[in-house]
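Novice: Starting off with a structure, shown below.
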Amino acid sequence: MRAANRFLSPFKDILRIGYQTAYGKMTAYSEAMQYHLFNAIQQVAQPEGEPPLFEIIIEKAQLSRGYIDTPRIYNCTREGREINLTYDDQLGYEYNRYYDVLMIVAFIPGRKVVTEFNAGTRRSGTGKMILPVEYTEPAHLWALYHNNQKSSRPNKDHISNSVYLGVY
């Protein structure tokens with residue numbers, strides 16, 4: 001639990017958006033914690049006699065879980081501080097809308113998480129994020145769709161699962 005909490009803590013603001021339980025039985029953070037404990041944690045080899053140590057498998061980390069289709073990213077590039085994405089602009093499933101907004105999340109361990117809440121719409125098929133000046137080294141990136149126009153009541157049909165893009 002300590003490893004999951006250590007990893008998730010910097011993402012608290014994103015998790016409030018990304019984990020919108022459909023039934024209101026859990027907090028967003030509790031739901032995210034539960035997902036990561038069951039799906040994204042591994043034990044790290046330790047010398048004999050040492051207590052077990054666990055860590056998050058960052059490639060399996062999910063910053064959001066919902067019913068909108070996960071973004072299908074075709075291309076992700078970084079030039080300096082600028083991140084550019086191209087992605088599928090087709091509607092597909094019933095929860096998708098052309099006005100779904102792409103969100104990009106950047107993370108460097110030990111630094112503040114950076115989020116572009118409005119990187120582009122589904123219809124545009126392109127998204128962009130400008131990283132802060134202190135983000136000089138490669139960063140872990142995730143993308144997800146969110147849609148607040150569907151209703152004022154939060155639930156899983158306002159958000160997609162996040163997709164881990166890698167380190168850029």
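Naming scheme: A, B, ... for chains in displayed order of the structure tokens; residues 1 onward per chain; ligands 1 onward as shown.
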As a list in words, please: all residues of chain A that backbone DSSP puts in alpha helix (DSSP H).

Specialist: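 In chain A, DSSP puts these residues in alpha helix (DSSP H): Arg2, Ala3, Ala4, Asn5, Arg6, Phe7, Leu8, Lys12, Asp13, Ile14, Leu15, Arg16, Ile17, Gly18, Ala28, Tyr29, Ser30, Glu31, Ala32, Met33, Gln34, Tyr35, His36, Leu37, Phe38 and Asn39 of chain A.
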
Novice: I want to know what sits within 9 Å of Glu116 (chain A), based on only C-alpha atoms, with residues of the same chain fewer than 4 positions away left out; could you give that as an MDAnalysis selection string?

Specialist: chainID A and resid 102:106 128:131

Novice: Using only C-alpha atoms, which residue out of A:Arg2, A:Pro109, A:Thr77, A:His158 lies closest to Phe54 (chain A)?

Specialist: A:Arg2

Novice: Which polymer residues have any atom within 7 Å of an atom of Leu15 (chain A), counting only C-alpha atoms, with same-chain residues fewer than 4 positions away left out, as a PDB file with N, CA and C atoms, in the first residue's frame?

Specialist:
```pdb
ATOM      1  N   PHE A  11      -0.470  12.703  -8.034  1.00  0.00           N
ATOM      2  CA  PHE A  11      -1.534  12.746  -9.041  1.00  0.00           C
ATOM      3  C   PHE A  11      -2.920  13.016  -8.455  1.00  0.00           C
ATOM      4  N   TYR A  19     -11.025   9.260 -11.749  1.00  0.00           N
ATOM      5  CA  TYR A  19     -11.738   8.156 -11.109  1.00  0.00           C
ATOM      6  C   TYR A  19     -13.060   8.689 -10.577  1.00  0.00           C
ATOM      7  N   ALA A  28     -12.427   8.939  -5.123  1.00  0.00           N
ATOM      8  CA  ALA A  28     -11.606   8.765  -6.319  1.00  0.00           C
ATOM      9  C   ALA A  28     -10.245   8.177  -5.948  1.00  0.00           C
ATOM     10  N   TYR A  29      -9.657   8.680  -4.876  1.00  0.00           N
ATOM     11  CA  TYR A  29      -8.337   8.203  -4.472  1.00  0.00           C
ATOM     12  C   TYR A  29      -8.389   6.729  -4.049  1.00  0.00           C
ATOM     13  N   LEU A  63      -4.316   6.660 -14.774  1.00  0.00           N
ATOM     14  CA  LEU A  63      -4.694   7.908 -14.116  1.00  0.00           C
ATOM     15  C   LEU A  63      -6.182   8.170 -14.223  1.00  0.00           C
ATOM     16  N   SER A  64      -6.865   7.379 -15.041  1.00  0.00           N
ATOM     17  CA  SER A  64      -8.311   7.509 -15.176  1.00  0.00           C
ATOM     18  C   SER A  64      -8.886   6.174 -15.623  1.00  0.00           C
TER      19      SER A  64
END
```

Novice: Kindly indicate which residue among A:Asp100, A:Asp88, A:Asp13, A:Asp157 lies nearest to Ala119 (chain A), using only C-alpha atoms for the distances.

Specialist: A:Asp100
